[in-house]
Amino acid sequence: MVPKPILVTTPPPATSAPSPLLNAVSPLKTEEKPQTQTLKTPTTTTQKAITKPSPSSSTTKTTPQQRVELKRKTNSWVPALMLNAFDDIINNFIDPPLKPSIDPRHVLSQNFAPVHELPPTECEVIEGSLPPSLDGAYIRNGPNPQFLPRGPYHLFDGDGMLHALRISHGKKPTLCSRYVKTYKYTMENDAGFPLIPNVFSGFNSLVASAARGSLSAARFLTGQFNPANGIGLANTSLAFFGNRLFALGESDLPYVVNVTPDGDIETLGRHDFDGKLTFSMTAHPKIDPDTAECFAFRYGPVPPFLTYFRFDGNGKKHEDVPIFSMLTPSFLHDFAITKKYAIFCDIQLGLNPLDMISGGSPVGSVASKVPRIGILPRDAKDESMMKWFEVPGFNIIHAINAWEEDEGRTVVLVAPNILSMEHALERMELVHAMVEKVRIELDTGIITRQPVSARNLDFAVINPAFVGKKNRFVYAAVGDPMPKISGVVKLDVSKGEERRDCTVGCRMYGEGCYGGEPFFVAREEGGEEDDGYLVSYVHDERKGESRFLVMDAKSPELDVVAAVRLPRRVPYGFHGLFVKESELRKVSLS
Ligand SMILES: [Fe+2]
């Protein structure tokens, strides 16, 4: 299926007032030129027959009959013409994108601009050589809107696109970029225009919310889409558990995806775990490396504002644990586990529908709220054993790791604390996140906090074999400013007790070069904690070229072990995952 074209125009400066007449921008997009002259003929295409594993009964894919029926309804010219005209009126006159944070010409500038899908295409190793440990696929998720937004658009609003670098030794690596074929993507691709409003940017005032709510209701009533099938974007992250690979976005169920032996990415469908998973799931589940259990949660605007749940090593879901002691709706993007506990942070970023009356967003910071950390036994069947601790000024979007000390009486959490939560959504470039080590004595409630670096760090990872266990090394992206990432640092958090900066390694990508979240791949199982590689896509804005960088995690300079020139740029995005060849084979057999 060919995505609808998008024109990416040269963006104005961030401070300039956008024109409300975005429709003056053609909805046609130009072909993106390959970045090098050595682009190889694709090794396969979307039309090429591939052996597809059969989705299980709890993985649903939109059927051809549903698509034909919806296409007939969306193409019925009277409702389509009227509703699209109403959409244009909202975007141009009722709620135009007046702020840079939701102006698509600003948000989608430079290497944030979307790209077409790319079938598996061979790449050249231009420096060093790829280590044998990197046998599998590095896949990174991120927003890549299918259509040029005609109204407000936030960075978080784009359709999920996966960029997979398939590495099989003895062959050239291949890069493949594919949309996650969500229900939203599929229906809008068939219709040829957007059907579902942008969640983060489309409800910034009472009038806008009423208008877009009415439009969505009309589209639903005329059969153009059915929200019961999920309206999520699957644009945030990936996870591998229960022998399945998932593309995740926290507003919907996970989508099962697969990387084929020839490097292509296919979406197998939306997965509800035999009907046991409802509504949504965090994009940051935690997998215990020793038991293969997966721990997760969902949050929402109505009680219970938080629901915790877990899966066994085979991906079988246990019962929901509703958390009613979460007293107000909180924007809960991530959490942490230890061997005994699940740890949640009830932060100052909340859902405030009343703010829409004054022209604000329903998601915003609540200055009067005192952040809390909630600790629940991770095998709990209810919340009776949950303890909450007030931690003023501790606001996290992401967690890094947690573990127990003092025979389980103390929990240690390492996470980047957002120092200016009020800017988290609208002025990301003003956000400073400082990684802290927080010790919570469970019996006494005494909390000790130690900053481990003063730098602006987020998108941090560890060796995945240490999730939930005491570890030393953290690899964090340097915000310069966020969401742009100019380098990666290695922290030794065991030095936190000495009250000094814990940085023990650093690599900056160089002028005009920006990367993403690093990912740690161990050199061999059971090795030292930092014996492995850091991988990331890095883009050179001066040349318009992207590379896949492999760095030695043990060396203080994070030496480059290998660099792969990519046949086309990879836009900046969110979270990635390295999936081993052995895991990819399990996906194909499941
Ligand atoms: Fe995230």
# chains A, B, ... in the order shown; residues from 1 in each chain; ligands from 1
>>> residues_near_ligand(ligand="ligand 1", cutoff="7 Å", atoms="only C-alpha atoms and all ligand atoms", output="list of chain:residue names")
A:Thr236, A:Ala283, A:His284, A:His333, A:Asp334, A:His398, A:Phe574, A:His575
>>> residues_around(residues="Pro114 of chain A", least_positions_apart="6", cutoff="7 Å", atoms="only C-alpha atoms", output="list in words")
Asn144, Pro145 and Pro571 of chain A
>>> write_last_selection(atoms="C-alpha atoms", output="CSV table (one decimal), in the first residue's frame")
chain,number,residue,atom,x,y,z
A,144,ASN,CA,5.7,9.9,11.0
A,145,PRO,CA,2.4,11.5,10.0
A,571,PRO,CA,13.7,11.0,11.2
>>> atom_distance(atom1="atom CA of Val438 of chain A", atom2="atom CA of Glu557 of chain A")
27.8 Å
>>> atom_distance(atom1="atom CA of Thr260 of chain A", atom2="atom CA of Gly142 of chain A")
20.1 Å
>>> atom_distance(atom1="atom CA of Ala415 of chain A", atom2="atom CA of Pro285 of chain A")
15.5 Å
>>> select_by_dssp(residues="segment 511-574 of chain A", states="strand (DSSP E)", output="PyMOL selection string")
chain A and resi 513-514+519-522+532-540+545-552+560-565
>>> closest_residue(among="A:Lys490, A:Lys340, A:Arg270, A:Lys580", to="Ala137 of chain A", atoms="only C-alpha atoms")
A:Lys580
>>> closest_residue(among="A:Gly576, A:Pro120, A:Pro304, A:Pro197", to="His154 of chain A", atoms="only C-alpha atoms")
A:Pro197
>>> residues_around(residues="Pro329 of chain A", least_positions_apart="6", cutoff="9 Å", atoms="only C-alpha atoms", output="VMD selection string")
chain A and resid 299 to 306 346 349 to 352
>>> residues_around(residues="Lys172 of chain A", least_positions_apart="2", cutoff="9 Å", atoms="only C-alpha atoms", output="list of chain:residue names")
A:Glu122, A:Cys123, A:Glu124, A:Val125, A:Arg166, A:Ile167, A:Ser168, A:His169, A:Gly170, A:Thr174
